[in-house]
file data.pdb (PDB, C-alpha atoms)
MODEL        1
ATOM      1  CA  MET A   1       0.000   0.000   0.000
ATOM      2  CA  THR A   2       1.379   3.379  -1.001
ATOM      3  CA  HIS A   3       0.608   6.692   0.670
ATOM      4  CA  GLU A   4      -0.947   7.929  -2.585
ATOM      5  CA  LYS A   5      -3.371   4.988  -2.701
ATOM      6  CA  LEU A   6      -4.272   5.446   0.969
ATOM      7  CA  VAL A   7      -5.027   9.135   0.308
ATOM      8  CA  ALA A   8      -7.327   8.100  -2.562
ATOM      9  CA  ARG A   9      -9.154   5.787  -0.131
ATOM     10  CA  ALA A  10      -9.449   8.660   2.366
ATOM     11  CA  VAL A  11     -10.992  10.903  -0.310
ATOM     12  CA  ALA A  12     -13.517   8.192  -1.221
ATOM     13  CA  TRP A  13     -14.304   7.594   2.464
ATOM     14  CA  LEU A  14     -14.926  11.337   3.035
ATOM     15  CA  ARG A  15     -17.361  11.409   0.118
ATOM     16  CA  GLY A  16     -19.175   8.394   1.566
ATOM     17  CA  TYR A  17     -19.159  10.087   4.985
ATOM     18  CA  GLY A  18     -21.245  12.912   3.533
ATOM     19  CA  CYS A  19     -18.613  15.471   2.572
ATOM     20  CA  GLY A  20     -19.678  17.387  -0.529
ATOM     21  CA  ILE A  21     -16.371  19.216  -0.920
ATOM     22  CA  VAL A  22     -13.140  17.207  -0.595
ATOM     23  CA  LEU A  23      -9.537  18.300  -1.124
ATOM     24  CA  SER A  24      -6.377  16.254  -0.829
ATOM     25  CA  GLU A  25      -2.803  17.277  -0.143
ATOM     26  CA  GLN A  26      -3.405  21.024  -0.442
ATOM     27  CA  SER A  27      -1.285  23.481   1.553
ATOM     28  CA  CYS A  28      -2.223  26.667   3.314
ATOM     29  CA  ALA A  29      -0.454  29.463   5.201
ATOM     30  CA  SER A  30      -0.577  27.616   8.539
ATOM     31  CA  GLY A  31       1.810  24.982   7.202
ATOM     32  CA  GLU A  32      -0.734  22.213   7.727
ATOM     33  CA  THR A  33      -1.239  20.086   4.625
ATOM     34  CA  PRO A  34      -3.973  17.570   5.380
ATOM     35  CA  ASP A  35      -3.825  14.350   3.399
ATOM     36  CA  ALA A  36      -7.578  14.736   2.913
ATOM     37  CA  ILE A  37     -10.123  17.224   4.198
ATOM     38  CA  GLY A  38     -13.825  17.384   3.497
ATOM     39  CA  TRP A  39     -16.714  19.621   4.439
ATOM     40  CA  LYS A  40     -20.288  18.742   5.272
ATOM     41  CA  ARG A  41     -23.188  21.084   5.891
ATOM     42  CA  GLY A  42     -22.790  23.730   8.563
ATOM     43  CA  CYS A  43     -19.090  24.192   7.643
ATOM     44  CA  HIS A  44     -18.351  20.938   9.485
ATOM     45  CA  SER A  45     -14.893  19.763   8.445
ATOM     46  CA  VAL A  46     -13.337  16.301   8.619
ATOM     47  CA  ILE A  47      -9.569  15.692   8.387
ATOM     48  CA  VAL A  48      -8.007  12.339   7.491
ATOM     49  CA  GLU A  49      -4.271  11.840   7.946
ATOM     50  CA  CYS A  50      -2.921   8.750   6.174
ATOM     51  CA  LYS A  51      -0.103   6.710   7.694
ATOM     52  CA  ILE A  52       1.530   3.692   6.073
ATOM     53  CA  SER A  53       4.221   3.251   8.741
ATOM     54  CA  ARG A  54       4.549   3.643  12.493
ATOM     55  CA  ALA A  55       7.569   5.903  11.972
ATOM     56  CA  ASP A  56       5.436   8.316   9.907
ATOM     57  CA  PHE A  57       2.764   8.294  12.627
ATOM     58  CA  LEU A  58       5.324   9.060  15.349
ATOM     59  CA  ILE A  59       6.910  11.888  13.325
ATOM     60  CA  ASP A  60       3.438  13.369  12.775
ATOM     61  CA  GLN A  61       3.014  13.855  16.534
ATOM     62  CA  ALA A  62       5.843  16.434  16.571
ATOM     63  CA  LYS A  63       4.222  18.759  14.019
ATOM     64  CA  PRO A  64       3.281  22.194  15.428
ATOM     65  CA  PHE A  65      -0.467  21.778  14.814
ATOM     66  CA  ARG A  66      -0.412  18.399  16.596
ATOM     67  CA  ARG A  67       1.359  19.914  19.620
ATOM     68  CA  HIS A  68      -1.123  22.844  19.542
ATOM     69  CA  PRO A  69      -4.376  21.176  18.415
ATOM     70  CA  GLU A  70      -6.384  24.344  19.049
ATOM     71  CA  LYS A  71      -4.709  25.777  15.922
ATOM     72  CA  ALA A  72      -5.367  22.726  13.738
ATOM     73  CA  MET A  73      -8.032  22.205  11.107
ATOM     74  CA  GLY A  74     -10.884  19.734  11.382
ATOM     75  CA  CYS A  75     -14.042  19.526  13.484
ATOM     76  CA  GLU A  76     -13.399  15.788  13.285
ATOM     77  CA  ARG A  77      -9.913  14.303  12.918
ATOM     78  CA  PHE A  78      -8.944  10.783  11.916
ATOM     79  CA  TYR A  79      -5.884   8.719  11.168
ATOM     80  CA  LEU A  80      -6.238   6.150   8.391
ATOM     81  CA  SER A  81      -3.805   3.245   8.250
ATOM     82  CA  PRO A  82      -3.664  -0.339   7.069
ATOM     83  CA  ALA A  83      -5.391  -2.672   9.552
ATOM     84  CA  GLY A  84      -3.400  -3.357  12.717
ATOM     85  CA  LEU A  85      -0.735  -0.683  12.191
ATOM     86  CA  LEU A  86      -2.082   1.725  14.835
ATOM     87  CA  ARG A  87      -4.010   1.162  18.059
ATOM     88  CA  PRO A  88      -6.954   3.269  19.311
ATOM     89  CA  GLN A  89      -5.145   4.010  22.592
ATOM     90  CA  GLU A  90      -2.305   5.663  20.607
ATOM     91  CA  MET A  91      -4.589   8.288  19.077
ATOM     92  CA  PRO A  92      -4.237  11.895  20.226
ATOM     93  CA  ALA A  93      -7.049  13.093  22.478
ATOM     94  CA  ASP A  94     -10.440  12.876  20.738
ATOM     95  CA  TRP A  95      -9.018  11.665  17.377
ATOM     96  CA  GLY A  96     -10.637   8.771  15.566
ATOM     97  CA  LEU A  97      -9.030   5.810  13.852
ATOM     98  CA  LEU A  98      -9.913   4.419  10.432
ATOM     99  CA  GLU A  99      -8.453   1.201   9.086
ATOM    100  CA  LEU A 100      -8.149  -0.087   5.566
ATOM    101  CA  ARG A 101      -9.346  -3.690   5.676
ATOM    102  CA  GLY A 102      -9.161  -5.260   2.268
ATOM    103  CA  ARG A 103     -10.979  -2.843  -0.016
ATOM    104  CA  SER A 104     -13.034  -1.071   2.633
ATOM    105  CA  VAL A 105     -12.305   1.644   5.177
ATOM    106  CA  GLU A 106     -13.774   0.914   8.595
ATOM    107  CA  MET A 107     -14.084   3.197  11.598
ATOM    108  CA  VAL A 108     -12.313   1.597  14.564
ATOM    109  CA  CYS A 109     -13.035   4.494  16.889
ATOM    110  CA  PRO A 110     -14.910   7.731  16.222
ATOM    111  CA  SER A 111     -13.560  11.244  16.506
ATOM    112  CA  SER A 112     -15.006  13.972  18.644
ATOM    113  CA  LYS A 113     -17.064  16.276  16.439
ATOM    114  CA  LYS A 114     -16.029  19.550  18.127
ATOM    115  CA  LEU A 115     -12.250  19.720  17.735
ATOM    116  CA  ARG A 116     -11.868  22.811  15.544
ATOM    117  CA  GLY A 117     -11.296  26.194  17.161
ATOM    118  CA  ALA A 118     -11.350  29.717  15.729
ATOM    119  CA  ALA A 119      -7.742  29.494  14.489
ATOM    120  CA  GLY A 120      -8.477  26.175  12.759
ATOM    121  CA  PHE A 121     -11.502  27.715  11.052
ATOM    122  CA  ARG A 122      -9.350  30.609   9.753
ATOM    123  CA  HIS A 123      -6.796  28.085   8.465
ATOM    124  CA  GLU A 124      -9.553  26.175   6.667
ATOM    125  CA  MET A 125     -10.777  29.394   5.055
ATOM    126  CA  ASN A 126      -7.200  30.113   3.952
ATOM    127  CA  LEU A 127      -6.954  26.600   2.488
ATOM    128  CA  LEU A 128     -10.226  27.003   0.580
ATOM    129  CA  LEU A 129      -9.296  30.447  -0.719
ATOM    130  CA  ALA A 130      -5.826  29.275  -1.761
ATOM    131  CA  SER A 131      -7.448  26.339  -3.571
ATOM    132  CA  LEU A 132      -9.933  28.627  -5.357
ATOM    133  CA  ARG A 133      -7.066  30.880  -6.403
ATOM    134  CA  ARG A 134      -5.256  27.842  -7.856
ATOM    135  CA  VAL A 135      -8.386  27.092  -9.896
ATOM    136  CA  GLU A 136      -8.666  30.687 -11.080
ATOM    137  CA  VAL A 137      -5.032  30.753 -12.215
ATOM    138  CA  ARG A 138      -5.572  27.561 -14.210
ATOM    139  CA  ILE A 139      -8.720  28.778 -15.992
ATOM    140  CA  GLU A 140      -7.284  32.117 -17.153
ATOM    141  CA  PRO A 141      -8.193  34.252 -18.986
ATOM    142  CA  GLN A 142     -11.621  33.693 -17.403
ATOM    143  CA  SER A 143     -12.302  34.835 -13.873
ATOM    144  CA  ILE A 144     -13.629  32.229 -11.496
ATOM    145  CA  THR A 145     -16.970  34.075 -11.504
ATOM    146  CA  ASP A 146     -17.238  33.729 -15.265
ATOM    147  CA  PHE A 147     -16.271  30.073 -15.039
ATOM    148  CA  LEU A 148     -18.996  29.421 -12.440
ATOM    149  CA  LYS A 149     -21.573  31.003 -14.789
ATOM    150  CA  TRP A 150     -20.735  28.616 -17.642
ATOM    151  CA  LYS A 151     -24.247  27.130 -17.646
ATOM    152  CA  ASN A 152     -25.728  30.465 -18.656
ATOM    153  CA  ARG A 153     -23.464  30.585 -21.721
ATOM    154  CA  MET A 154     -24.161  26.933 -22.551
ATOM    155  CA  ALA A 155     -27.879  27.657 -22.723
ATOM    156  CA  GLU A 156     -27.214  30.683 -24.976
ATOM    157  CA  TYR A 157     -25.155  28.532 -27.346
ATOM    158  CA  ASN A 158     -27.864  25.853 -27.469
ATOM    159  CA  GLN A 159     -30.796  28.091 -28.517
ATOM    160  CA  GLY A 160     -32.007  28.609 -24.945
ATOM    161  CA  SER A 161     -31.809  25.069 -23.550
ATOM    162  CA  LEU A 162     -29.111  23.353 -21.554
ATOM    163  CA  PRO A 163     -27.492  20.192 -22.951
ATOM    164  CA  GLU A 164     -28.975  16.901 -21.802
ATOM    165  CA  GLY A 165     -27.880  15.962 -18.277
ATOM    166  CA  ILE A 166     -27.072  19.540 -17.192
ATOM    167  CA  LEU A 167     -29.424  20.897 -14.507
ATOM    168  CA  GLU A 168     -30.631  24.463 -14.013
ATOM    169  CA  ALA A 169     -28.794  26.214 -11.162
ATOM    170  CA  GLY A 170     -31.871  26.004  -8.912
ATOM    171  CA  GLU A 171     -32.148  22.241  -9.483
ATOM    172  CA  GLU A 172     -28.516  21.411  -8.567
ATOM    173  CA  LEU A 173     -27.949  19.129  -5.623
ATOM    174  CA  ASN A 174     -25.715  21.546  -3.736
ATOM    175  CA  GLY A 175     -26.337  21.330  -0.007
ATOM    176  CA  PHE A 176     -24.005  24.264   0.567
ATOM    177  CA  LEU A 177     -26.595  26.591  -1.002
ATOM    178  CA  SER A 178     -29.443  25.727   1.384
ATOM    179  CA  ALA A 179     -30.351  27.623   4.550
ATOM    180  CA  GLU A 180     -29.556  24.507   6.600
ATOM    181  CA  ALA A 181     -25.953  24.682   5.396
ATOM    182  CA  MET A 182     -25.359  27.597   7.729
ATOM    183  CA  GLU A 183     -26.538  25.791  10.848
ATOM    184  CA  GLY A 184     -23.840  25.223  13.463
ATOM    185  CA  ASP A 185     -21.551  22.229  13.725
TER     186      ASP A 185
ENDMDL
END

call {"tool": "encode", "arguments": {"input": "data.pdb", "output": "C-alpha cells"}}
result
Amino acid sequence: MTHEKLVARAVAWLRGYGCGIVLSEQSCASGETPDAIGWKRGCHSVIVECKISRADFLIDQAKPFRRHPEKAMGCERFYLSPAGLLRPQEMPADWGLLELRGRSVEMVCPSSKKLRGAAGFRHEMNLLLASLRRVEVRIEPQSITDFLKWKNRMAEYNQGSLPEGILEAGEELNGFLSAEAMEGD
C-alpha cells in the first residue's frame, strides 16, 4: 500500500461520509497540509491523515499543529492506516481511527465532532481560498466568476436550452446553497 493509494481511499471515504467538498494534499499558510479534508453542511470539516508506517505516525506527533491542536483544522480528525498498524489508545485526544481492511475503510473508533477552534476555522478558510485561487489561475483568462456562470453561456449557445444531463442552477444538488448549510456544527 502506497501513501498515494491510501489518500485516494481517504478521499472516497470522506465522500461516503457525507462530505460534498473534498480536497487532498493542499497546503495553506498555517503549514498544515492535510492528506484529505472534506466539508459537510454547517461548515463541518473532517480531516483524514494517512499513515503507512509507524515511523510516519510518530513523526506526525511532533508537528506544530499536533502539539497545539487548538490551531489545527478539522471539526473531526482521523488517522487512516492499514489494519493493525495503529491502536486506538495511541490516538491523540479525541481523534478517531480508520483502518483499511481489504478494499473497505472501517471506523475503529470515532472522533469527537467539536475539535476545531477559531484558528483552525481561519486556516480552513485560507486553504479554501488558496485552492480557489489555484483554480482561477488555471482557468485564465476567465475569472472564477465567469467560469462558475458557464451554464448560462451553454444555454445561450444551445438556442435557450441546456445540454442533456445539465441541470438548471436552482435544481442542482448543492447542499451548501441551502439555509440549513449555515446551521452550526

call {"tool": "closest_residue", "arguments": {"input": "data.pdb", "among": "A:Ser53, A:Gln61, A:Ser45, A:Thr145", "to": "Arg133 of chain A", "atoms": "only C-alpha atoms"}}
result
A:Thr145

call {"tool": "residues_around", "arguments": {"input": "data.pdb", "residues": "Leu85 of chain A", "least_positions_apart": "4", "cutoff": "9 Å", "atoms": "all atoms listed in the file", "output": "list in words"}}
result
Lys51, Ile52, Ser53, Arg54, Ser81 and Glu99 of chain A

call {"tool": "resolve_selection", "arguments": {"input": "data.pdb", "expression": "the PyMOL selection byres ((chain A and resi 71) around 12)", "output": "list in words"}}
result
Ser30, Gly31, Glu32, Lys63, Pro64, Phe65, Arg66, Arg67, His68, Pro69, Glu70, Ala72, Met73, Gly74, Cys75, Leu115, Arg116, Gly117, Ala118, Ala119, Gly120, Phe121, Arg122, His123 and Glu124 of chain A

call {"tool": "write_last_selection", "arguments": {"input": "data.pdb", "atoms": "C-alpha atoms", "output": "PDB file, keeping the file's coordinate frame"}}
result
ATOM      1  CA  SER A  30      -0.577  27.616   8.539  1.00  0.00           C
ATOM      2  CA  GLY A  31       1.810  24.982   7.202  1.00  0.00           C
ATOM      3  CA  GLU A  32      -0.734  22.213   7.727  1.00  0.00           C
ATOM      4  CA  LYS A  63       4.222  18.759  14.019  1.00  0.00           C
ATOM      5  CA  PRO A  64       3.281  22.194  15.428  1.00  0.00           C
ATOM      6  CA  PHE A  65      -0.467  21.778  14.814  1.00  0.00           C
ATOM      7  CA  ARG A  66      -0.412  18.399  16.596  1.00  0.00           C
ATOM      8  CA  ARG A  67       1.359  19.914  19.620  1.00  0.00           C
ATOM      9  CA  HIS A  68      -1.123  22.844  19.542  1.00  0.00           C
ATOM     10  CA  PRO A  69      -4.376  21.176  18.415  1.00  0.00           C
ATOM     11  CA  GLU A  70      -6.384  24.344  19.049  1.00  0.00           C
ATOM     12  CA  ALA A  72      -5.367  22.726  13.738  1.00  0.00           C
ATOM     13  CA  MET A  73      -8.032  22.205  11.107  1.00  0.00           C
ATOM     14  CA  GLY A  74     -10.884  19.734  11.382  1.00  0.00           C
ATOM     15  CA  CYS A  75     -14.042  19.526  13.484  1.00  0.00           C
ATOM     16  CA  LEU A 115     -12.250  19.720  17.735  1.00  0.00           C
ATOM     17  CA  ARG A 116     -11.868  22.811  15.544  1.00  0.00           C
ATOM     18  CA  GLY A 117     -11.296  26.194  17.161  1.00  0.00           C
ATOM     19  CA  ALA A 118     -11.350  29.717  15.729  1.00  0.00           C
ATOM     20  CA  ALA A 119      -7.742  29.494  14.489  1.00  0.00           C
ATOM     21  CA  GLY A 120      -8.477  26.175  12.759  1.00  0.00           C
ATOM     22  CA  PHE A 121     -11.502  27.715  11.052  1.00  0.00           C
ATOM     23  CA  ARG A 122      -9.350  30.609   9.753  1.00  0.00           C
ATOM     24  CA  HIS A 123      -6.796  28.085   8.465  1.00  0.00           C
ATOM     25  CA  GLU A 124      -9.553  26.175   6.667  1.00  0.00           C
TER      26      GLU A 124
END

call {"tool": "closest_atom_pairs", "arguments": {"input": "data.pdb", "of": "segment 35-54 of chain A", "to": "segment 10-18 of chain A", "cutoff": "7 Å", "atoms": "all atoms listed in the file", "output": "JSON lines"}}
result
{"residue": "A:Ala36", "atom": "CA", "partner": "A:Val11", "partner_atom": "CA", "distance": 6.1}
{"residue": "A:Gly38", "atom": "CA", "partner": "A:Leu14", "partner_atom": "CA", "distance": 6.2}
{"residue": "A:Lys40", "atom": "CA", "partner": "A:Gly18", "partner_atom": "CA", "distance": 6.2}
{"residue": "A:Val48", "atom": "CA", "partner": "A:Ala10", "partner_atom": "CA", "distance": 6.5}

call {"tool": "resolve_selection", "arguments": {"input": "data.pdb", "expression": "the PyMOL selection byres ((chain A and resi 6) around 9)", "output": "ChimeraX atom specification"}}
result
/A:1-5,7-11,50-52,80-82,100

call {"tool": "atom_distance", "arguments": {"input": "data.pdb", "atom1": "atom CA of Glu90 of chain A", "atom2": "atom CA of Met107 of chain A"}}
result
15.0 Å

call {"tool": "decode", "arguments": {"input": "data.pdb", "residues": "segment 103-131 of chain A", "atoms": "N, CA, C and O atoms", "output": "PDB file, in the first residue's frame"}}
result
ATOM      1  N   ARG A 103     -10.625  -3.974   0.854  1.00  0.00           N
ATOM      2  CA  ARG A 103     -10.979  -2.843  -0.016  1.00  0.00           C
ATOM      3  C   ARG A 103     -11.827  -1.799   0.691  1.00  0.00           C
ATOM      4  O   ARG A 103     -12.197  -0.790   0.085  1.00  0.00           O
ATOM      5  N   SER A 104     -12.150  -2.016   1.958  1.00  0.00           N
ATOM      6  CA  SER A 104     -13.034  -1.071   2.633  1.00  0.00           C
ATOM      7  C   SER A 104     -12.326  -0.357   3.787  1.00  0.00           C
ATOM      8  O   SER A 104     -11.404  -0.884   4.402  1.00  0.00           O
ATOM      9  N   VAL A 105     -12.789   0.854   4.045  1.00  0.00           N
ATOM     10  CA  VAL A 105     -12.305   1.644   5.177  1.00  0.00           C
ATOM     11  C   VAL A 105     -13.331   1.510   6.282  1.00  0.00           C
ATOM     12  O   VAL A 105     -14.524   1.756   6.071  1.00  0.00           O
ATOM     13  N   GLU A 106     -12.877   1.106   7.461  1.00  0.00           N
ATOM     14  CA  GLU A 106     -13.774   0.914   8.595  1.00  0.00           C
ATOM     15  C   GLU A 106     -13.355   1.795   9.754  1.00  0.00           C
ATOM     16  O   GLU A 106     -12.161   1.961  10.018  1.00  0.00           O
ATOM     17  N   MET A 107     -14.349   2.356  10.448  1.00  0.00           N
ATOM     18  CA  MET A 107     -14.084   3.197  11.598  1.00  0.00           C
ATOM     19  C   MET A 107     -13.867   2.315  12.829  1.00  0.00           C
ATOM     20  O   MET A 107     -14.778   1.617  13.266  1.00  0.00           O
ATOM     21  N   VAL A 108     -12.653   2.363  13.362  1.00  0.00           N
ATOM     22  CA  VAL A 108     -12.313   1.597  14.564  1.00  0.00           C
ATOM     23  C   VAL A 108     -12.766   2.357  15.793  1.00  0.00           C
ATOM     24  O   VAL A 108     -13.315   1.777  16.726  1.00  0.00           O
ATOM     25  N   CYS A 109     -12.511   3.654  15.810  1.00  0.00           N
ATOM     26  CA  CYS A 109     -13.035   4.494  16.889  1.00  0.00           C
ATOM     27  C   CYS A 109     -13.374   5.864  16.303  1.00  0.00           C
ATOM     28  O   CYS A 109     -12.675   6.357  15.423  1.00  0.00           O
ATOM     29  N   PRO A 110     -14.467   6.449  16.770  1.00  0.00           N
ATOM     30  CA  PRO A 110     -14.910   7.731  16.222  1.00  0.00           C
ATOM     31  C   PRO A 110     -14.074   8.892  16.762  1.00  0.00           C
ATOM     32  O   PRO A 110     -13.389   8.782  17.771  1.00  0.00           O
ATOM     33  N   SER A 111     -14.181   9.993  16.080  1.00  0.00           N
ATOM     34  CA  SER A 111     -13.560  11.244  16.506  1.00  0.00           C
ATOM     35  C   SER A 111     -14.596  12.076  17.242  1.00  0.00           C
ATOM     36  O   SER A 111     -15.798  11.953  16.984  1.00  0.00           O
ATOM     37  N   SER A 112     -14.126  12.937  18.114  1.00  0.00           N
ATOM     38  CA  SER A 112     -15.006  13.972  18.644  1.00  0.00           C
ATOM     39  C   SER A 112     -15.435  14.821  17.453  1.00  0.00           C
ATOM     40  O   SER A 112     -14.728  14.895  16.438  1.00  0.00           O
ATOM     41  N   LYS A 113     -16.565  15.461  17.543  1.00  0.00           N
ATOM     42  CA  LYS A 113     -17.064  16.276  16.439  1.00  0.00           C
ATOM     43  C   LYS A 113     -16.852  17.775  16.673  1.00  0.00           C
ATOM     44  O   LYS A 113     -17.268  18.593  15.877  1.00  0.00           O
ATOM     45  N   LYS A 114     -16.183  18.132  17.755  1.00  0.00           N
ATOM     46  CA  LYS A 114     -16.029  19.550  18.127  1.00  0.00           C
ATOM     47  C   LYS A 114     -14.571  19.933  18.360  1.00  0.00           C
ATOM     48  O   LYS A 114     -14.238  20.633  19.303  1.00  0.00           O
ATOM     49  N   LEU A 115     -13.672  19.481  17.503  1.00  0.00           N
ATOM     50  CA  LEU A 115     -12.250  19.720  17.735  1.00  0.00           C
ATOM     51  C   LEU A 115     -11.743  21.054  17.190  1.00  0.00           C
ATOM     52  O   LEU A 115     -10.754  21.580  17.686  1.00  0.00           O
ATOM     53  N   ARG A 116     -12.386  21.603  16.195  1.00  0.00           N
ATOM     54  CA  ARG A 116     -11.868  22.811  15.544  1.00  0.00           C
ATOM     55  C   ARG A 116     -12.165  24.057  16.362  1.00  0.00           C
ATOM     56  O   ARG A 116     -13.281  24.275  16.806  1.00  0.00           O
ATOM     57  N   GLY A 117     -11.145  24.896  16.512  1.00  0.00           N
ATOM     58  CA  GLY A 117     -11.296  26.194  17.161  1.00  0.00           C
ATOM     59  C   GLY A 117     -11.312  27.307  16.132  1.00  0.00           C
ATOM     60  O   GLY A 117     -11.281  27.069  14.920  1.00  0.00           O
ATOM     61  N   ALA A 118     -11.302  28.551  16.610  1.00  0.00           N
ATOM     62  CA  ALA A 118     -11.350  29.717  15.729  1.00  0.00           C
ATOM     63  C   ALA A 118     -10.131  29.772  14.806  1.00  0.00           C
ATOM     64  O   ALA A 118     -10.260  30.084  13.621  1.00  0.00           O
ATOM     65  N   ALA A 119      -8.950  29.463  15.329  1.00  0.00           N
ATOM     66  CA  ALA A 119      -7.742  29.494  14.489  1.00  0.00           C
ATOM     67  C   ALA A 119      -7.826  28.427  13.404  1.00  0.00           C
ATOM     68  O   ALA A 119      -7.466  28.681  12.253  1.00  0.00           O
ATOM     69  N   GLY A 120      -8.310  27.239  13.751  1.00  0.00           N
ATOM     70  CA  GLY A 120      -8.477  26.175  12.759  1.00  0.00           C
ATOM     71  C   GLY A 120      -9.456  26.571  11.668  1.00  0.00           C
ATOM     72  O   GLY A 120      -9.230  26.274  10.492  1.00  0.00           O
ATOM     73  N   PHE A 121     -10.533  27.252  12.042  1.00  0.00           N
ATOM     74  CA  PHE A 121     -11.502  27.715  11.052  1.00  0.00           C
ATOM     75  C   PHE A 121     -10.854  28.712  10.095  1.00  0.00           C
ATOM     76  O   PHE A 121     -11.049  28.633   8.878  1.00  0.00           O
ATOM     77  N   ARG A 122     -10.051  29.651  10.614  1.00  0.00           N
ATOM     78  CA  ARG A 122      -9.350  30.609   9.753  1.00  0.00           C
ATOM     79  C   ARG A 122      -8.389  29.882   8.813  1.00  0.00           C
ATOM     80  O   ARG A 122      -8.281  30.229   7.637  1.00  0.00           O
ATOM     81  N   HIS A 123      -7.714  28.847   9.316  1.00  0.00           N
ATOM     82  CA  HIS A 123      -6.796  28.085   8.465  1.00  0.00           C
ATOM     83  C   HIS A 123      -7.558  27.351   7.366  1.00  0.00           C
ATOM     84  O   HIS A 123      -7.081  27.254   6.230  1.00  0.00           O
ATOM     85  N   GLU A 124      -8.734  26.833   7.688  1.00  0.00           N
ATOM     86  CA  GLU A 124      -9.553  26.175   6.667  1.00  0.00           C
ATOM     87  C   GLU A 124      -9.996  27.171   5.603  1.00  0.00           C
ATOM     88  O   GLU A 124      -9.983  26.854   4.405  1.00  0.00           O
ATOM     89  N   MET A 125     -10.390  28.367   6.027  1.00  0.00           N
ATOM     90  CA  MET A 125     -10.777  29.394   5.055  1.00  0.00           C
ATOM     91  C   MET A 125      -9.591  29.743   4.155  1.00  0.00           C
ATOM     92  O   MET A 125      -9.741  29.885   2.939  1.00  0.00           O
ATOM     93  N   ASN A 126      -8.402  29.841   4.740  1.00  0.00           N
ATOM     94  CA  ASN A 126      -7.200  30.113   3.952  1.00  0.00           C
ATOM     95  C   ASN A 126      -6.961  28.999   2.947  1.00  0.00           C
ATOM     96  O   ASN A 126      -6.637  29.254   1.789  1.00  0.00           O
ATOM     97  N   LEU A 127      -7.136  27.749   3.375  1.00  0.00           N
ATOM     98  CA  LEU A 127      -6.954  26.600   2.488  1.00  0.00           C
ATOM     99  C   LEU A 127      -7.948  26.646   1.331  1.00  0.00           C
ATOM    100  O   LEU A 127      -7.578  26.451   0.172  1.00  0.00           O
ATOM    101  N   LEU A 128      -9.209  26.927   1.631  1.00  0.00           N
ATOM    102  CA  LEU A 128     -10.226  27.003   0.580  1.00  0.00           C
ATOM    103  C   LEU A 128      -9.946  28.155  -0.387  1.00  0.00           C
ATOM    104  O   LEU A 128     -10.055  27.990  -1.608  1.00  0.00           O
ATOM    105  N   LEU A 129      -9.576  29.308   0.148  1.00  0.00           N
ATOM    106  CA  LEU A 129      -9.296  30.447  -0.719  1.00  0.00           C
ATOM    107  C   LEU A 129      -8.055  30.206  -1.571  1.00  0.00           C
ATOM    108  O   LEU A 129      -8.036  30.543  -2.758  1.00  0.00           O
ATOM    109  N   ALA A 130      -7.027  29.600  -0.986  1.00  0.00           N
ATOM    110  CA  ALA A 130      -5.826  29.275  -1.761  1.00  0.00           C
ATOM    111  C   ALA A 130      -6.170  28.282  -2.870  1.00  0.00           C
ATOM    112  O   ALA A 130      -5.672  28.398  -4.002  1.00  0.00           O
ATOM    113  N   SER A 131      -7.038  27.330  -2.567  1.00  0.00           N
ATOM    114  CA  SER A 131      -7.448  26.339  -3.571  1.00  0.00           C
ATOM    115  C   SER A 131      -8.257  26.997  -4.691  1.00  0.00           C
ATOM    116  O   SER A 131      -8.062  26.691  -5.873  1.00  0.00           O
TER     117      SER A 131
END
